[in-house]
Amino acid sequence: MSKKTLVIIVLLGFLNLTYAQEKGIRFEQSLSWKQIFAKAKEEHKYIFVDCYASWCGPCKLMDKDTYPNDSVGKVMTASFLSVKVQCDITKQDDQHIKDWYTDAHQIQTTYGIHEYPTFLFFSPNGDLVYKAVGYRNPRQFLALAHDARDFRKQYPTLVATYHAGKLPYSGLLDLIKFAGLLHDTITRSAAARDYIHEYLDRLPGSAWKNKENGEALGYISRYLRTEDQTFRQIWRDPKMIDSVTGIKGMAMSIINDVIYREEIEPAVTAAKKSGDKPTWDSLQKKVKMRFGTNYANMTVASGRFDWFSFKNDWENYAGALIDMITAYGWDPKDESTRLSFNWAANEIFLKSNDPTKLSIAAEWMDPVVASTKTKGYYAGEFLDTKANILYKLGRKEAAIELQEEAVQAYPEGNDIRENLEKMKAGKPTWPNK
């Protein structure tokens with residue numbers, strides 16, 4: 001092979017490597033948060049911030065499936081400065097992540113980052129204009145980036161148009177969604193009440209049967225009142241509401257939430273201030289008279305759950321949680337309630353030492369684990385919950401066997417692996433009270 005041929009091969013290899021490295025999003029690695037804002041203003045580019053956590057499964061999927069995509073990379077390189085911000089702290093953090101600890105904490109606090117991944121989009125002038133939560137495939141992410149640059153869909157524009165009285169109802173729902181993500185409670189509350197009064201309350205029964213109204217209920221339900229025509233529609237035809245929302249039990253959940261806020265929550269709040277226990281019997285009778293036994297049982301159980309949490313009375317808290325799940329009639333085999341059962345079972349594991357309550361939680365997890373795929377984030381989490389409960393019940397061998405399955409199902413789960421090590425060492429996997 002001639003020297004000239006060798007040089008050409010090396011150059012081609014270098015070019016191919018460079019091209020491969022340029023595919024996908026190029027995240028800024030050497031700039032501080034302040035420097036990124038300055039550079040974006042100078043280059044007249046938007047800023048994209050990926051807020052993630054090291055343990056987050058959907059975040060890892062973004063790194064694997066979406067960010068390396070060539071089309072995503074071209075769009076983001078042309079219009080955005082991109083930065084990844086790790087929002088948790090681990091022993092494995094490199095110097096770059098450590099240098100960002102202070103800025104990461106400020107971003108979490110300022111922009112209300114509680115779920116991962118969270119995507120923040122800033123204008124070239126440094127204003128937050130768009131926010132979204134949750135995994136997006138390349139096509140969905142490109143649509144998100146497009147909307148973030150659309151002046152008409154940006155949050156400051158929606159707010160200004162709303163206050164000018166020129167925002168259509170479709171835009172009003174977008175405003176409600178964004179206000180929730182940005183924790184703008186004043187705007188969200190006002191817009192939601194307007195949406196209920198000026199649009200939903202005026203719909204005839206036949207007009208309710210479309211998915212747009214079902215979607216809207218998910219965003220405005222917390223602002224409903226029993227006096228609203230929309231509430232009466234949900235009360236009269238819960239099956240239709242479940243149908244348009246696509247969620248079994250959605251109507252019941254909304255009705256329960258409205259009753260709780262009007263009848264139970266004020267009493268619990270007053271009790272917290274006075275220190276006197278709420279009069280559960282009188283509350284039960286009052287709600288039963290207006291809304292029936294089922295809603296009385298559900299709302300009072302929810303109130304007791306809130307009260308015992310406030311009092312740090314953890315055994316009664318766990319008992320109230322069991323009563324609440326029973327009153328709601330949730331089915332652990334139902335896909336829509338698996339996460340709820342996993343959360344509830346884990347709460348009982350963490351808070352209770354009562355073998356009876358722990359056994360109930362373990363029984364909840366049997367169908368949840370059985371109905372879940374054997375691999376992935378949730379499979380690992382569900383197996384971990386069941387194993388922890390068995391371990392606390394003293395069934396060490398069965399717990400370790402199940403925890404090993406949890407590690408195999410989700411190898412990236414550091415907490416799951418740590419729990420397995422604690423079990424093998426005979427150490428508690430629950431916090432000391």
# chains A, B, ... in the order shown; residues from 1 in each chain; ligands from 1

$ select_by_dssp --residues "range 37-101 of chain A" --states "strand (DSSP E)" --output "NGL selection string"
:A and (46-52 or 80-86)

$ residues_around --residues "Leu283 in chain A" --least-positions-apart "2" --cutoff "10 Å" --atoms "only C-alpha atoms" --output "ChimeraX atom specification"
/A:263-264,267,278-281,285-289,296,299-300,303

$ residues_around --residues "Tyr378 in chain A" --least-positions-apart "4" --cutoff "9 Å" --atoms "only C-alpha atoms" --output "CSV table (one decimal) with N, CA, C and O atoms, in the first residue's frame"
chain,number,residue,atom,x,y,z
A,57,GLY,N,-35.6,6.0,33.5
A,57,GLY,CA,-35.7,5.1,32.3
A,57,GLY,C,-36.1,5.9,31.0
A,57,GLY,O,-35.4,5.7,30.0
A,339,LEU,N,-49.7,1.5,38.5
A,339,LEU,CA,-48.8,2.4,39.1
A,339,LEU,C,-49.4,2.9,40.5
A,339,LEU,O,-48.6,3.1,41.4
A,372,THR,N,-47.3,-7.6,34.2
A,372,THR,CA,-46.3,-6.7,33.6
A,372,THR,C,-45.3,-7.4,32.8
A,372,THR,O,-44.9,-8.6,33.1
A,373,LYS,N,-44.8,-6.8,31.7
A,373,LYS,CA,-43.7,-7.4,30.9
A,373,LYS,C,-42.5,-7.7,31.8
A,373,LYS,O,-42.2,-7.0,32.8
A,382,PHE,N,-41.8,-2.8,39.9
A,382,PHE,CA,-42.9,-3.6,40.5
A,382,PHE,C,-42.3,-4.8,41.3
A,382,PHE,O,-42.7,-5.1,42.4
A,383,LEU,N,-41.3,-5.4,40.7
A,383,LEU,CA,-40.6,-6.6,41.3
A,383,LEU,C,-39.9,-6.1,42.6
A,383,LEU,O,-39.9,-6.8,43.6
A,409,ALA,N,-34.5,-7.5,35.2
A,409,ALA,CA,-35.5,-6.8,34.5
A,409,ALA,C,-35.1,-5.4,34.2
A,409,ALA,O,-35.4,-4.8,33.1
A,410,TYR,N,-34.4,-4.7,35.1
A,410,TYR,CA,-34.0,-3.3,34.9
A,410,TYR,C,-32.6,-3.2,35.5
A,410,TYR,O,-32.4,-2.7,36.6

$ select_by_dssp --residues "range 103-207 of chain A" --states "helix (DSSP H, G or I)" --output "MDAnalysis selection string"
chainID A and resid 103:111 138:148 151:153 155:163 169:181 185:198 200:202 205:207

$ atom_distance --atom1 "CA of His183 in chain A" --atom2 "CA of Gly112 in chain A"
7.0 Å

$ atom_distance --atom1 "CA of Glu335 in chain A" --atom2 "CA of Leu390 in chain A"
23.0 Å

$ decode --residues "range 248-334 of chain A" --atoms "C-alpha atoms" --output "short mmCIF file (atom, residue, chain, number, x, y, z; two decimals), in the first residue's frame"
data_model
loop_
_atom_site.label_atom_id
_atom_site.label_comp_id
_atom_site.auth_asym_id
_atom_site.auth_seq_id
_atom_site.Cartn_x
_atom_site.Cartn_y
_atom_site.Cartn_z
CA LYS A 248 -62.26 3.51 33.09
CA GLY A 249 -63.45 5.12 36.32
CA MET A 250 -62.56 8.67 35.21
CA ALA A 251 -66.04 10.03 35.95
CA MET A 252 -66.02 8.51 39.43
CA SER A 253 -62.58 9.97 40.09
CA ILE A 254 -63.68 13.47 39.02
CA ILE A 255 -66.89 13.35 41.06
CA ASN A 256 -65.00 12.10 44.09
CA ASP A 257 -62.40 14.85 43.75
CA VAL A 258 -65.00 17.63 43.53
CA ILE A 259 -66.94 16.30 46.54
CA TYR A 260 -63.73 15.95 48.53
CA ARG A 261 -62.68 19.54 47.86
CA GLU A 262 -66.07 20.93 48.84
CA GLU A 263 -67.05 18.72 51.76
CA ILE A 264 -64.00 17.01 53.31
CA GLU A 265 -60.93 19.13 52.62
CA PRO A 266 -62.20 22.25 54.46
CA ALA A 267 -62.91 20.16 57.56
CA VAL A 268 -59.48 18.51 57.47
CA THR A 269 -57.77 21.87 56.92
CA ALA A 270 -59.63 23.37 59.90
CA ALA A 271 -58.67 20.37 62.04
CA LYS A 272 -55.01 20.81 61.14
CA LYS A 273 -55.17 24.40 62.38
CA SER A 274 -57.06 23.61 65.60
CA GLY A 275 -55.42 20.28 66.37
CA ASP A 276 -58.81 18.65 66.94
CA LYS A 277 -59.58 15.43 65.10
CA PRO A 278 -62.19 15.81 62.33
CA THR A 279 -65.65 14.48 63.17
CA TRP A 280 -65.59 11.64 60.66
CA ASP A 281 -69.09 10.33 61.49
CA SER A 282 -70.78 13.66 60.82
CA LEU A 283 -68.82 14.12 57.60
CA GLN A 284 -69.81 10.62 56.51
CA LYS A 285 -73.51 11.35 57.10
CA LYS A 286 -73.36 14.73 55.36
CA VAL A 287 -71.75 13.37 52.18
CA LYS A 288 -73.95 10.26 52.19
CA MET A 289 -77.09 12.40 52.30
CA ARG A 290 -76.06 14.42 49.22
CA PHE A 291 -74.09 11.95 47.14
CA GLY A 292 -74.66 8.42 48.44
CA THR A 293 -72.77 5.80 50.43
CA ASN A 294 -70.02 5.02 47.90
CA TYR A 295 -68.84 8.61 47.59
CA ALA A 296 -69.11 9.09 51.35
CA ASN A 297 -66.83 6.08 51.91
CA MET A 298 -64.31 7.24 49.30
CA THR A 299 -64.04 10.86 50.37
CA VAL A 300 -63.94 10.17 54.11
CA ALA A 301 -61.25 7.51 53.59
CA SER A 302 -59.25 10.07 51.60
CA GLY A 303 -59.71 12.59 54.41
CA ARG A 304 -58.50 10.15 57.05
CA PHE A 305 -55.49 9.34 54.86
CA ASP A 306 -54.64 13.06 54.69
CA TRP A 307 -55.19 13.57 58.42
CA PHE A 308 -53.01 10.66 59.57
CA SER A 309 -50.26 11.75 57.18
CA PHE A 310 -50.37 15.21 58.77
CA LYS A 311 -50.17 13.67 62.23
CA ASN A 312 -47.29 11.33 61.26
CA ASP A 313 -49.47 8.48 62.56
CA TRP A 314 -48.08 5.96 60.12
CA GLU A 315 -49.90 2.79 61.13
CA ASN A 316 -53.27 4.51 60.91
CA TYR A 317 -52.05 6.17 57.71
CA ALA A 318 -51.41 2.73 56.20
CA GLY A 319 -54.80 1.52 57.40
CA ALA A 320 -56.54 4.54 55.87
CA LEU A 321 -54.68 3.89 52.61
CA ILE A 322 -56.01 0.33 52.53
CA ASP A 323 -59.53 1.63 53.27
CA MET A 324 -59.18 4.18 50.47
CA ILE A 325 -58.07 1.61 47.89
CA THR A 326 -60.93 -0.66 48.97
CA ALA A 327 -63.50 2.14 48.79
CA TYR A 328 -62.33 3.18 45.32
CA GLY A 329 -62.70 -0.40 44.12
CA TRP A 330 -59.48 -0.33 42.11
CA ASP A 331 -58.43 -3.55 40.41
CA PRO A 332 -54.69 -4.39 40.48
CA LYS A 333 -55.14 -6.33 37.23
CA ASP A 334 -56.24 -3.13 35.48
#
